[in-house]
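Colleague: File structure.cif below, mmCIF, C-alpha atoms and all ligand atoms:
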```cif
data_data
loop_
_atom_site.group_PDB
_atom_site.id
_atom_site.type_symbol
_atom_site.label_atom_id
_atom_site.label_comp_id
_atom_site.auth_asym_id
_atom_site.auth_seq_id
_atom_site.Cartn_x
_atom_site.Cartn_y
_atom_site.Cartn_z
ATOM 1 C CA MET A 656 0.000 0.000 0.000
ATOM 2 C CA ALA A 657 2.720 2.431 1.017
ATOM 3 C CA SER A 658 4.692 1.689 -2.145
ATOM 4 C CA GLN A 659 1.562 2.224 -4.241
ATOM 5 C CA ILE A 660 1.116 5.641 -2.666
ATOM 6 C CA LEU A 661 4.771 6.423 -3.305
ATOM 7 C CA VAL A 662 4.465 5.411 -6.969
ATOM 8 C CA PHE A 663 1.359 7.563 -7.236
ATOM 9 C CA LEU A 664 3.114 10.558 -5.676
ATOM 10 C CA LEU A 665 6.108 10.136 -7.986
ATOM 11 C CA PHE A 666 3.734 10.009 -10.944
ATOM 12 C CA VAL A 667 2.023 13.222 -9.828
ATOM 13 C CA ALA A 668 5.393 14.923 -9.338
ATOM 14 C CA ALA A 669 6.695 13.792 -12.758
ATOM 15 C CA THR A 670 3.488 14.928 -14.439
ATOM 16 C CA SER A 671 3.524 18.369 -12.894
ATOM 17 C CA VAL A 672 7.217 18.866 -13.764
ATOM 18 C CA SER A 673 6.681 18.027 -17.435
ATOM 19 C CA VAL A 674 3.601 20.276 -17.601
ATOM 20 C CA HIS A 675 5.656 23.079 -16.116
ATOM 21 C CA CYS A 676 8.502 22.485 -18.580
ATOM 22 C CA ASN A 677 6.341 22.758 -21.653
ATOM 23 C CA SER A 678 4.163 25.689 -20.600
ATOM 24 C CA GLU A 679 5.930 27.858 -23.190
ATOM 25 C CA GLY A 680 5.301 25.223 -25.860
ATOM 26 C CA ASP A 681 1.646 25.193 -24.820
ATOM 27 C CA ALA A 682 1.470 28.991 -25.120
ATOM 28 C CA LEU A 683 3.005 28.920 -28.603
ATOM 29 C CA ASN A 684 0.801 26.028 -29.633
ATOM 30 C CA ALA A 685 -2.273 27.948 -28.444
ATOM 31 C CA TRP A 686 -1.203 30.693 -30.872
ATOM 32 C CA ARG A 687 -0.590 28.225 -33.683
ATOM 33 C CA THR A 688 -4.113 26.805 -33.400
ATOM 34 C CA LYS A 689 -5.497 30.311 -34.128
ATOM 35 C CA LEU A 690 -3.284 30.912 -37.188
ATOM 36 C CA MET A 691 -3.733 30.145 -40.858
ATOM 37 C CA ASP A 692 -0.379 28.929 -42.162
ATOM 38 C CA PRO A 693 -0.694 28.230 -45.904
ATOM 39 C CA ASN A 694 3.077 27.902 -46.357
ATOM 40 C CA ASN A 695 3.411 25.402 -43.442
ATOM 41 C CA VAL A 696 6.138 27.404 -41.727
ATOM 42 C CA LEU A 697 4.878 26.106 -38.351
ATOM 43 C CA GLN A 698 4.992 22.457 -39.372
ATOM 44 C CA SER A 699 7.791 21.661 -36.894
ATOM 45 C CA TRP A 700 5.769 23.047 -33.947
ATOM 46 C CA ASP A 701 5.073 19.710 -32.262
ATOM 47 C CA PRO A 702 3.379 20.340 -28.882
ATOM 48 C CA THR A 703 4.168 16.792 -27.686
ATOM 49 C CA LEU A 704 7.897 17.555 -27.502
ATOM 50 C CA VAL A 705 9.312 18.322 -24.046
ATOM 51 C CA ASN A 706 9.894 21.985 -24.980
ATOM 52 C CA PRO A 707 9.619 24.189 -28.093
ATOM 53 C CA CYS A 708 13.379 24.704 -28.408
ATOM 54 C CA THR A 709 13.804 22.513 -31.505
ATOM 55 C CA TRP A 710 10.875 24.105 -33.341
ATOM 56 C CA PHE A 711 11.807 26.158 -36.413
ATOM 57 C CA HIS A 712 11.633 29.949 -35.889
ATOM 58 C CA ILE A 713 12.050 29.535 -32.095
ATOM 59 C CA THR A 714 15.266 30.175 -30.148
ATOM 60 C CA CYS A 715 15.775 29.246 -26.486
ATOM 61 C CA ASN A 716 18.367 30.173 -23.890
ATOM 62 C CA SER A 717 20.485 27.581 -22.049
ATOM 63 C CA GLU A 718 17.586 27.006 -19.614
ATOM 64 C CA ASN A 719 15.322 25.941 -22.507
ATOM 65 C CA SER A 720 13.205 29.062 -22.206
ATOM 66 C CA VAL A 721 12.104 30.858 -25.370
ATOM 67 C CA ILE A 722 14.005 34.076 -26.126
ATOM 68 C CA ARG A 723 13.161 34.597 -29.825
ATOM 69 C CA VAL A 724 10.169 34.112 -32.095
ATOM 70 C CA ASP A 725 11.254 34.897 -35.673
ATOM 71 C CA LEU A 726 8.322 34.746 -38.059
ATOM 72 C CA GLY A 727 8.831 37.638 -40.457
ATOM 73 C CA ASN A 728 7.582 37.076 -44.049
ATOM 74 C CA ALA A 729 5.809 33.860 -43.031
ATOM 75 C CA ASN A 730 2.438 34.508 -44.743
ATOM 76 C CA LEU A 731 0.557 33.941 -41.481
ATOM 77 C CA SER A 732 -3.028 35.090 -40.891
ATOM 78 C CA GLY A 733 -4.883 35.292 -37.586
ATOM 79 C CA PRO A 734 -4.483 37.106 -34.277
ATOM 80 C CA LEU A 735 -1.740 37.666 -31.734
ATOM 81 C CA VAL A 736 -2.945 35.814 -28.627
ATOM 82 C CA PRO A 737 -2.780 36.688 -24.892
ATOM 83 C CA GLU A 738 -0.796 33.455 -24.283
ATOM 84 C CA LEU A 739 2.261 35.111 -25.860
ATOM 85 C CA GLY A 740 2.498 37.068 -22.591
ATOM 86 C CA GLN A 741 3.546 33.804 -20.868
ATOM 87 C CA LEU A 742 6.922 33.692 -22.669
ATOM 88 C CA ALA A 743 8.635 35.237 -19.652
ATOM 89 C CA ASN A 744 12.143 35.473 -21.141
ATOM 90 C CA LEU A 745 11.168 36.522 -24.665
ATOM 91 C CA GLN A 746 13.546 39.138 -26.098
ATOM 92 C CA TYR A 747 12.574 39.229 -29.791
ATOM 93 C CA LEU A 748 9.043 38.990 -31.154
ATOM 94 C CA VAL A 749 9.477 39.426 -34.898
ATOM 95 C CA VAL A 750 6.377 38.944 -37.042
ATOM 96 C CA PHE A 751 6.698 41.648 -39.734
ATOM 97 C CA ASN A 752 5.188 41.209 -43.230
ATOM 98 C CA ASN A 753 2.365 38.847 -42.366
ATOM 99 C CA ASN A 754 -1.409 39.193 -42.381
ATOM 100 C CA LEU A 755 -1.977 39.255 -38.610
ATOM 101 C CA SER A 756 -5.225 40.899 -37.569
ATOM 102 C CA GLY A 757 -7.060 41.875 -34.401
ATOM 103 C CA SER A 758 -5.584 43.987 -31.646
ATOM 104 C CA ILE A 759 -2.259 43.851 -29.801
ATOM 105 C CA PRO A 760 -3.005 41.873 -26.595
ATOM 106 C CA THR A 761 -2.482 43.807 -23.352
ATOM 107 C CA GLU A 762 -0.509 40.749 -22.136
ATOM 108 C CA ILE A 763 2.377 41.625 -24.479
ATOM 109 C CA GLY A 764 3.142 44.234 -21.801
ATOM 110 C CA SER A 765 4.118 41.357 -19.438
ATOM 111 C CA LEU A 766 7.186 40.573 -21.570
ATOM 112 C CA THR A 767 9.616 42.669 -19.563
ATOM 113 C CA SER A 768 12.687 41.064 -21.209
ATOM 114 C CA LEU A 769 11.501 42.129 -24.657
ATOM 115 C CA VAL A 770 14.196 44.011 -26.591
ATOM 116 C CA SER A 771 12.570 44.088 -30.026
ATOM 117 C CA LEU A 772 8.881 44.039 -30.952
ATOM 118 C CA ASN A 773 8.501 44.083 -34.724
ATOM 119 C CA LEU A 774 4.872 43.976 -35.889
ATOM 120 C CA HIS A 775 5.519 46.025 -39.046
ATOM 121 C CA HIS A 776 3.240 45.470 -42.065
ATOM 122 C CA ASN A 777 0.295 43.431 -40.792
ATOM 123 C CA GLN A 778 -3.443 44.173 -40.472
ATOM 124 C CA LEU A 779 -3.476 44.923 -36.738
ATOM 125 C CA THR A 780 -6.250 47.191 -35.454
ATOM 126 C CA GLY A 781 -7.257 48.864 -32.211
ATOM 127 C CA PRO A 782 -5.276 51.026 -29.823
ATOM 128 C CA ILE A 783 -1.642 50.561 -28.825
ATOM 129 C CA PRO A 784 -2.011 49.065 -25.300
ATOM 130 C CA SER A 785 -0.638 51.273 -22.543
ATOM 131 C CA SER A 786 0.846 48.093 -21.004
ATOM 132 C CA LEU A 787 3.643 48.402 -23.593
ATOM 133 C CA GLY A 788 4.934 51.120 -21.262
ATOM 134 C CA ASN A 789 6.007 48.260 -18.933
ATOM 135 C CA LEU A 790 8.532 46.988 -21.488
ATOM 136 C CA VAL A 791 11.560 48.491 -19.779
ATOM 137 C CA SER A 792 14.082 46.493 -21.870
ATOM 138 C CA LEU A 793 12.541 47.476 -25.200
ATOM 139 C CA SER A 794 14.873 49.242 -27.616
ATOM 140 C CA PHE A 795 13.123 48.644 -30.952
ATOM 141 C CA LEU A 796 9.383 48.921 -31.559
ATOM 142 C CA LYS A 797 8.120 48.781 -35.126
ATOM 143 C CA LEU A 798 4.367 49.109 -35.556
ATOM 144 C CA ASN A 799 4.037 50.942 -38.865
ATOM 145 C CA SER A 800 1.970 49.694 -41.817
ATOM 146 C CA ASN A 801 -0.877 48.437 -39.656
ATOM 147 C CA LYS A 802 -4.325 49.897 -38.953
ATOM 148 C CA LEU A 803 -3.710 50.815 -35.329
ATOM 149 C CA GLY A 804 -5.731 53.692 -33.911
ATOM 150 C CA GLY A 805 -5.450 56.069 -31.015
ATOM 151 C CA VAL A 806 -2.386 57.776 -29.706
ATOM 152 C CA ILE A 807 0.943 56.592 -28.327
ATOM 153 C CA PRO A 808 0.089 55.830 -24.672
ATOM 154 C CA SER A 809 1.801 58.177 -22.227
ATOM 155 C CA ASP A 810 3.558 55.270 -20.441
ATOM 156 C CA LEU A 811 5.173 54.299 -23.735
ATOM 157 C CA PHE A 812 6.011 57.913 -24.438
ATOM 158 C CA LEU A 813 7.906 58.038 -21.122
ATOM 159 C CA LEU A 814 10.031 55.079 -22.265
ATOM 160 C CA ILE A 815 10.846 56.898 -25.492
ATOM 161 C CA GLN A 816 11.784 60.055 -23.589
ATOM 162 C CA ARG A 817 14.027 58.061 -21.273
ATOM 163 C CA GLY A 818 16.282 57.294 -24.174
ATOM 164 C CA ASN A 819 16.926 53.894 -25.659
ATOM 165 C CA LEU A 820 13.675 53.161 -27.452
ATOM 166 C CA ILE A 821 13.330 53.635 -31.209
ATOM 167 C CA VAL A 822 9.739 53.600 -32.486
ATOM 168 C CA MET A 823 8.740 53.255 -36.123
HETATM 169 C C1 LIG B 901 0.371 33.308 -49.043
HETATM 170 O O1 LIG B 901 -0.776 32.472 -48.840
HETATM 171 C C2 LIG B 901 -1.759 32.621 -49.840
HETATM 172 C C3 LIG B 901 -2.943 31.760 -49.429
HETATM 173 O O2 LIG B 901 -3.503 32.229 -48.249
HETATM 174 C C4 LIG B 901 -1.199 32.225 -51.183
HETATM 175 O O3 LIG B 901 -2.175 32.448 -52.186
HETATM 176 C C5 LIG B 901 0.034 33.080 -51.500
HETATM 177 O O4 LIG B 901 0.638 32.622 -52.695
HETATM 178 C C6 LIG B 901 1.040 32.977 -50.370
HETATM 179 N N1 LIG B 901 2.125 33.934 -50.589
HETATM 180 C C7 LIG B 901 3.401 33.583 -50.539
HETATM 181 C C8 LIG B 901 4.384 34.680 -50.813
HETATM 182 O O5 LIG B 901 3.786 32.454 -50.308
HETATM 183 C C1 LIG B 902 -5.674 37.726 -44.351
HETATM 184 O O1 LIG B 902 -6.434 37.442 -43.187
HETATM 185 C C2 LIG B 902 -7.833 37.495 -43.406
HETATM 186 C C3 LIG B 902 -8.533 37.369 -42.049
HETATM 187 O O2 LIG B 902 -7.883 36.479 -41.198
HETATM 188 C C4 LIG B 902 -8.223 36.415 -44.384
HETATM 189 O O3 LIG B 902 -9.603 36.450 -44.632
HETATM 190 C C5 LIG B 902 -7.463 36.638 -45.706
HETATM 191 O O4 LIG B 902 -7.713 35.569 -46.579
HETATM 192 C C6 LIG B 902 -5.962 36.715 -45.443
HETATM 193 N N1 LIG B 902 -5.273 37.096 -46.670
HETATM 194 C C7 LIG B 902 -4.198 36.449 -47.125
HETATM 195 C C8 LIG B 902 -3.596 36.982 -48.370
HETATM 196 O O5 LIG B 902 -3.737 35.457 -46.575
#
```
Output the file's structure as structure tokens, nothing else.

Modeller:
Amino acid sequence: MASQILVFLLFVAATSVSVHCNSEGDALNAWRTKLMDPNNVLQSWDPTLVNPCTWFHITCNSENSVIRVDLGNANLSGPLVPELGQLANLQYLVVFNNNLSGSIPTEIGSLTSLVSLNLHHNQLTGPIPSSLGNLVSLSFLKLNSNKLGGVIPSDLFLLIQRGNLIVM
């Protein structure tokens, strides 16, 4: 009986560890399920792998955490999803020259390691979320050639004034 309980506890522990390890893969896969990908650029995105680090267009750091998503010129349609905000160590989110639509999720403002956010030339609409003012590491923000409305939020404007951020 005791050994059965031990086996059960080990199973629970192993399960929760693997779930934790692939939470970034799950976040990216949640995005993939919302995208149209006629050129099959996301074909290697296999959510059953232990992490997304071997997927094409994804780069991880030595701790197997995602630091780059490089999907410029990929002919993708669909939205950016709130789950992208779970990629805690993401530094580069590069999705220029696609057909992405909908608004920029507020959750992108959780990506405090983000250095470059390149959304240039898509079909994005809605306001620029003020949460982007939380992106203290950001040095390159390219939003032009979209259909975004509103003004540059004051929090983001403060980042620009502080120095290192280039906005296009
Ligand atoms: C992009 O996808 C569309 C189908 O949605 C296709 O007609 C077009 O040829 C593709 N463009 C490129 C450059 O691959
Ligand atoms: C762009 O996205 C829209 C809406 O998601 C879709 O209807 C349209 O076919 C897409 N255009 C191309 C060229 O892929």

Colleague: Could you please extract the residues within 12 Å of ligand LIG 902 (chain B), counting only C-alpha atoms and all ligand atoms, and hand them back as a PyMOL selection string?

Modeller: chain A and resi 689-694+728-735+752-757+777-779

Colleague: Show me, as a ChimeraX atom specification, the residues that have an atom within 9 Å of Phe711 of chain A when counting all atoms listed in the file, minus same-chain residues fewer than 2 positions from it.

Modeller: /A:696-700,707-709,713-714,725

Colleague: Report as a list of chain:residue names the full result of the PyMOL selection byres (((chain A and resi 772) around 6) and not hetatm) when it is applied to this structure.

Modeller: A:Leu748, A:Ser771, A:Asn773, A:Leu796

Colleague: Might you pull out every residue within 10 Å of Leu811 of chain A, with all atoms listed in the file counted and same-chain residues fewer than 3 positions away left off, and present them as number ranges by chain?

Modeller: A: 783-791, 807-808, 814-817, 820, 822

Colleague: Would you compute the distance between atom CA of Leu742 of chain A and atom CA of Ser720 of chain A? Give it in Å to one decimal.

Modeller: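 Atom-to-atom, atom CA of Leu742 of chain A to atom CA of Ser720 of chain A, that is 7.8 Å.
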
Colleague: Asn744 of chain A: which residues within 10 Å, counting only C-alpha atoms, same-chain residues fewer than 2 positions away excluded, as an NGL selection string?

Modeller: :A and (715-716 or 720-723 or 740-742 or 746-747 or 766-769)

Colleague: List the spatial neighbours of Pro782 of chain A as number ranges by chain - criterion: any atom at most 7 Å away, all atoms listed in the file, same-chain residues fewer than 4 positions off excluded.

Modeller: A: 803-805

Colleague: Which residue out of A:Met823, A:Leu726, A:Asn695, A:Phe812 has the minimum interatomic distance to ligand LIG 901 (chain B) when all atoms listed in the file are used?

Modeller: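 That would be A:Asn695, the residue with the smallest distance to ligand LIG 901 (chain B).
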
Colleague: Evaluated on this file, the PyMOL selection byres (((chain A and resi 800) around 8) and not hetatm) picks out some residues - which ones are they, written as a CSV table (one decimal) with C-alpha atoms, keeping the file's coordinate frame?

Modeller:
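Wrote it out as out39.csv, contents follow:
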```
chain,number,residue,atom,x,y,z
A,775,HIS,CA,5.5,46.0,-39.0
A,776,HIS,CA,3.2,45.5,-42.1
A,777,ASN,CA,0.3,43.4,-40.8
A,778,GLN,CA,-3.4,44.2,-40.5
A,798,LEU,CA,4.4,49.1,-35.6
A,799,ASN,CA,4.0,50.9,-38.9
A,801,ASN,CA,-0.9,48.4,-39.7
A,802,LYS,CA,-4.3,49.9,-39.0
```

Colleague: Which one of A:Ser792, A:Ser717, A:Pro737, A:Ala743 sits closest to Ile763 of chain A if you count all atoms listed in the file?

Modeller: A:Pro737

Colleague: Return as a VMD selection string the set of residues that the PyMOL selection byres (((chain A and resi 702-705) around 10) and not hetatm) yields on the displayed structure.

Modeller: chain A and resid 673 to 685 699 to 701 706 to 710 719

Colleague: Report, in Å to a single decimal, how far apart atom CA of Ile759 of chain A and atom CA of Thr780 of chain A are.

Modeller: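 Atom CA of Thr780 of chain A sits 7.7 Å away from atom CA of Ile759 of chain A.
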
Colleague: Have a look at atom C5 of ligand LIG 901 (chain B) and atom CA of Val736 of chain A and let me know their distance in Å, one decimal.

Modeller: 23.2 Å
